[in-house]
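Student: Before we start, here is the structure in question, set down as structure tokens.
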Amino acid sequence: MVDAVQGTSVTGSASTQTAQKKATVDYDAFLTLMVAQLKNQDPTEPMKSSEYMAQLASFSNVEQSVQMRATLDTILKAGYLEQAGSLIGKHISSPDNSIAGVVSEVQVLDDGIIATLQSGERVIVSSGVRISDSEPG
């Protein structure tokens, strides 16, 4: 099984890292704005606790959504890696049969898998691609 994975390469997720950095910046900005709002509120008419809780709940929902997306991206990439390792040495053909051959290398990207054949041609692994243990008869 180790041999099948040696030809696999992985590209990091810049979009997930950017989303996480943006979420951190948004979280910091939210806290800064909330503290400024509390410091500068009119002492004769302070902010109602229900308004404060509504703002906090809204931000909490956004933060949870960002974290859930990052987790789902990680799970999806793990699935791509598992599928990629099993493609090495298999016969693959493009949906229109214009490209076919044995997979020698697999590249895992953020949005899918690209198989490089022994001939050097590349096939995007998507719907319609045929994968088999041997060349179809």
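Labels used: A, B, ... for chains in the order of the structure tokens, numbers from 1 for residues in each chain, and numbers from 1 for ligands as shown.
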Determine, counting only C-alpha atoms, which protein, DNA and RNA residues have an atom within 10 Å of an atom of Tyr80 in chain A; residues of the same chain fewer than 3 positions away are not included. Present the result as a list in words.

Tutor: Val10, Thr74, Ile75, Leu76, Lys77, Gln83, Ala84, Gly85, Gln107, Val108, Leu109, Asp110, Asp111, Gly112 and Ile113 of chain A

Student: How about saving the chosen residues, N, CA and C atoms kept, as a PDB file, in the first residue's frame?

Tutor:
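Saved file selection.pdb follows:
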```
ATOM      1  N   VAL A  10       0.469  16.500  -2.960  1.00  0.00           N
ATOM      2  CA  VAL A  10      -0.629  17.254  -2.379  1.00  0.00           C
ATOM      3  C   VAL A  10      -0.338  18.742  -2.469  1.00  0.00           C
ATOM      4  N   THR A  74     -11.270  19.694   5.265  1.00  0.00           N
ATOM      5  CA  THR A  74     -10.288  18.699   5.696  1.00  0.00           C
ATOM      6  C   THR A  74     -10.787  17.285   5.403  1.00  0.00           C
ATOM      7  N   ILE A  75     -12.050  17.018   5.685  1.00  0.00           N
ATOM      8  CA  ILE A  75     -12.629  15.697   5.417  1.00  0.00           C
ATOM      9  C   ILE A  75     -12.636  15.409   3.923  1.00  0.00           C
ATOM     10  N   LEU A  76     -12.999  16.398   3.121  1.00  0.00           N
ATOM     11  CA  LEU A  76     -13.026  16.227   1.663  1.00  0.00           C
ATOM     12  C   LEU A  76     -11.633  15.926   1.123  1.00  0.00           C
ATOM     13  N   LYS A  77     -10.634  16.625   1.604  1.00  0.00           N
ATOM     14  CA  LYS A  77      -9.260  16.385   1.152  1.00  0.00           C
ATOM     15  C   LYS A  77      -8.771  15.002   1.562  1.00  0.00           C
ATOM     16  N   GLN A  83      -8.696   8.294  -2.320  1.00  0.00           N
ATOM     17  CA  GLN A  83      -8.996   7.910  -3.698  1.00  0.00           C
ATOM     18  C   GLN A  83      -7.742   7.990  -4.570  1.00  0.00           C
ATOM     19  N   ALA A  84      -6.936   9.022  -4.361  1.00  0.00           N
ATOM     20  CA  ALA A  84      -5.745   9.216  -5.191  1.00  0.00           C
ATOM     21  C   ALA A  84      -4.776   8.057  -5.063  1.00  0.00           C
ATOM     22  N   GLY A  85      -4.531   7.607  -3.846  1.00  0.00           N
ATOM     23  CA  GLY A  85      -3.594   6.507  -3.635  1.00  0.00           C
ATOM     24  C   GLY A  85      -4.021   5.233  -4.325  1.00  0.00           C
ATOM     25  N   GLN A 107      -2.134  13.959  -8.660  1.00  0.00           N
ATOM     26  CA  GLN A 107      -1.989  15.244  -7.975  1.00  0.00           C
ATOM     27  C   GLN A 107      -3.341  15.594  -7.351  1.00  0.00           C
ATOM     28  N   VAL A 108      -3.345  15.856  -6.059  1.00  0.00           N
ATOM     29  CA  VAL A 108      -4.559  16.212  -5.345  1.00  0.00           C
ATOM     30  C   VAL A 108      -4.602  17.727  -5.207  1.00  0.00           C
ATOM     31  N   LEU A 109      -5.671  18.329  -5.726  1.00  0.00           N
ATOM     32  CA  LEU A 109      -5.872  19.772  -5.640  1.00  0.00           C
ATOM     33  C   LEU A 109      -7.023  20.064  -4.685  1.00  0.00           C
ATOM     34  N   ASP A 110      -7.263  21.331  -4.413  1.00  0.00           N
ATOM     35  CA  ASP A 110      -8.349  21.712  -3.516  1.00  0.00           C
ATOM     36  C   ASP A 110      -9.704  21.235  -4.013  1.00  0.00           C
ATOM     37  N   ASP A 111      -9.885  21.175  -5.315  1.00  0.00           N
ATOM     38  CA  ASP A 111     -11.196  20.853  -5.863  1.00  0.00           C
ATOM     39  C   ASP A 111     -11.239  19.539  -6.638  1.00  0.00           C
ATOM     40  N   GLY A 112     -10.250  18.691  -6.505  1.00  0.00           N
ATOM     41  CA  GLY A 112     -10.298  17.405  -7.188  1.00  0.00           C
ATOM     42  C   GLY A 112      -8.933  16.770  -7.394  1.00  0.00           C
ATOM     43  N   ILE A 113      -8.918  15.804  -8.321  1.00  0.00           N
ATOM     44  CA  ILE A 113      -7.721  14.997  -8.562  1.00  0.00           C
ATOM     45  C   ILE A 113      -7.374  15.048 -10.035  1.00  0.00           C
TER      46      ILE A 113
END
```

Student: Mind dumping a table of every range 61-103 of chain A residue within 12 Å of range 27-47 of chain A, with the nearest atom pair and its distance in Å to one decimal, using only C-alpha atoms, sorted by chain and rising number, as a Markdown table?

Tutor:
```
| residue | atom | partner | partner_atom | distance |
| --- | --- | --- | --- | --- |
| A:Asn61 | CA | A:Tyr27 | CA | 11.7 |
| A:Val62 | CA | A:Tyr27 | CA | 9.6 |
| A:Glu63 | CA | A:Tyr27 | CA | 7.8 |
| A:Gln64 | CA | A:Tyr27 | CA | 11.4 |
| A:Val66 | CA | A:Tyr27 | CA | 11.2 |
```

Student: Could you give me, as a tab-separated table, a per-residue list for range 19-119 of chain A showing, wherever an atom lies at most 9 Å from an atom of range 126-136 of chain A, the closest pair of atoms and their distance in Å to one decimal, using only C-alpha atoms and sorting by chain then residue number from low to high?

Tutor:
```
residue	atom	partner	partner_atom	distance
A:Leu87	CA	A:Ile131	CA	8.0
A:Gly89	CA	A:Asp133	CA	7.8
A:Lys90	CA	A:Asp133	CA	5.1
A:His91	CA	A:Ser132	CA	5.2
A:Ile92	CA	A:Ile131	CA	4.5
A:Ser93	CA	A:Arg130	CA	5.2
A:Ser94	CA	A:Val129	CA	4.9
A:Pro95	CA	A:Gly128	CA	4.7
A:Asp96	CA	A:Gly128	CA	8.3
A:Asn97	CA	A:Val129	CA	8.7
A:Ala100	CA	A:Glu135	CA	8.8
A:Gly101	CA	A:Glu135	CA	7.7
A:Val102	CA	A:Glu135	CA	8.3
A:Gly112	CA	A:Ser126	CA	7.8
A:Ile113	CA	A:Ser126	CA	8.0
```

Student: Residues as selected, N, CA and C atoms, written as a tab-separated table (two decimals), in the first residue's frame, can you do that?

Tutor:
```tsv
chain	number	residue	atom	x	y	z
A	87	LEU	N	-5.54	5.03	-7.18
A	87	LEU	CA	-5.53	5.16	-8.64
A	87	LEU	C	-4.21	4.76	-9.29
A	89	GLY	N	-1.38	2.94	-10.91
A	89	GLY	CA	-1.32	1.63	-11.56
A	89	GLY	C	-2.61	1.20	-12.23
A	90	LYS	N	-3.68	1.95	-12.06
A	90	LYS	CA	-4.96	1.62	-12.69
A	90	LYS	C	-5.01	2.19	-14.10
A	91	HIS	N	-5.84	1.59	-14.93
A	91	HIS	CA	-6.08	2.10	-16.28
A	91	HIS	C	-7.22	3.10	-16.19
A	92	ILE	N	-7.04	4.25	-16.81
A	92	ILE	CA	-8.05	5.31	-16.75
A	92	ILE	C	-8.27	5.86	-18.16
A	93	SER	N	-9.49	6.26	-18.45
A	93	SER	CA	-9.77	6.89	-19.75
A	93	SER	C	-10.72	8.06	-19.53
A	94	SER	N	-10.49	9.12	-20.29
A	94	SER	CA	-11.29	10.33	-20.18
A	94	SER	C	-12.72	10.04	-20.65
A	95	PRO	N	-13.67	10.89	-20.29
A	95	PRO	CA	-15.07	10.64	-20.68
A	95	PRO	C	-15.28	10.49	-22.18
A	96	ASP	N	-14.50	11.20	-23.00
A	96	ASP	CA	-14.65	11.10	-24.45
A	96	ASP	C	-13.69	10.09	-25.08
A	97	ASN	N	-12.97	9.35	-24.25
A	97	ASN	CA	-11.99	8.34	-24.68
A	97	ASN	C	-10.83	8.89	-25.51
A	100	ALA	N	-6.26	7.92	-22.71
A	100	ALA	CA	-6.37	6.69	-21.94
A	100	ALA	C	-4.97	6.16	-21.65
A	101	GLY	N	-4.84	5.46	-20.54
A	101	GLY	CA	-3.56	4.86	-20.19
A	101	GLY	C	-3.50	4.49	-18.72
A	102	VAL	N	-2.31	4.10	-18.29
A	102	VAL	CA	-2.09	3.68	-16.91
A	102	VAL	C	-1.61	4.87	-16.09
A	112	GLY	N	-10.25	18.69	-6.51
A	112	GLY	CA	-10.30	17.40	-7.19
A	112	GLY	C	-8.93	16.77	-7.39
A	113	ILE	N	-8.92	15.80	-8.32
A	113	ILE	CA	-7.72	15.00	-8.56
A	113	ILE	C	-7.37	15.05	-10.03
```

Student: Give me every strand (DSSP E) residue in range 5-132 of chain A, going by DSSP on the backbone, as number ranges by chain.

Tutor: A: 8-10, 91-93, 100-109, 112-117, 122-125, 130-132

Student: For C-alpha atoms, I'd like the residues from the last selection saved as a compact mmCIF listing (two decimals), in the first residue's frame.

Tutor:
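To be explicit, this is the file written out as again-v7.txt:
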```txt
# COMPACT_ATOMS: atom_id res chain seq x y z
CA THR A 8 0.84 11.08 -4.81
CA SER A 9 1.48 14.79 -4.37
CA VAL A 10 -0.63 17.25 -2.38
CA HIS A 91 -6.08 2.10 -16.28
CA ILE A 92 -8.05 5.31 -16.75
CA SER A 93 -9.77 6.89 -19.75
CA ALA A 100 -6.37 6.69 -21.94
CA GLY A 101 -3.56 4.86 -20.19
CA VAL A 102 -2.09 3.68 -16.91
CA VAL A 103 -1.86 6.16 -14.03
CA SER A 104 1.70 6.80 -12.90
CA GLU A 105 1.15 9.84 -10.68
CA VAL A 106 -1.75 11.60 -9.00
CA GLN A 107 -1.99 15.24 -7.97
CA VAL A 108 -4.56 16.21 -5.34
CA LEU A 109 -5.87 19.77 -5.64
CA GLY A 112 -10.30 17.40 -7.19
CA ILE A 113 -7.72 15.00 -8.56
CA ILE A 114 -5.57 15.07 -11.70
CA ALA A 115 -4.11 11.75 -12.85
CA THR A 116 -0.89 11.77 -14.89
CA LEU A 117 -0.55 8.79 -17.20
CA ARG A 122 -3.18 14.27 -17.75
CA VAL A 123 -6.80 13.41 -16.96
CA ILE A 124 -9.04 15.24 -14.51
CA VAL A 125 -10.79 12.63 -12.38
CA ARG A 130 -13.53 5.20 -16.50
CA ILE A 131 -11.15 3.47 -14.08
CA SER A 132 -10.28 -0.22 -14.27
```

Student: Please extract the residues of range 3-137 of chain A with a backbone DSSP assignment of alpha helix (DSSP H) and present them as a PyMOL selection string.

Tutor: chain A and resi 3-6+14-39+49-87
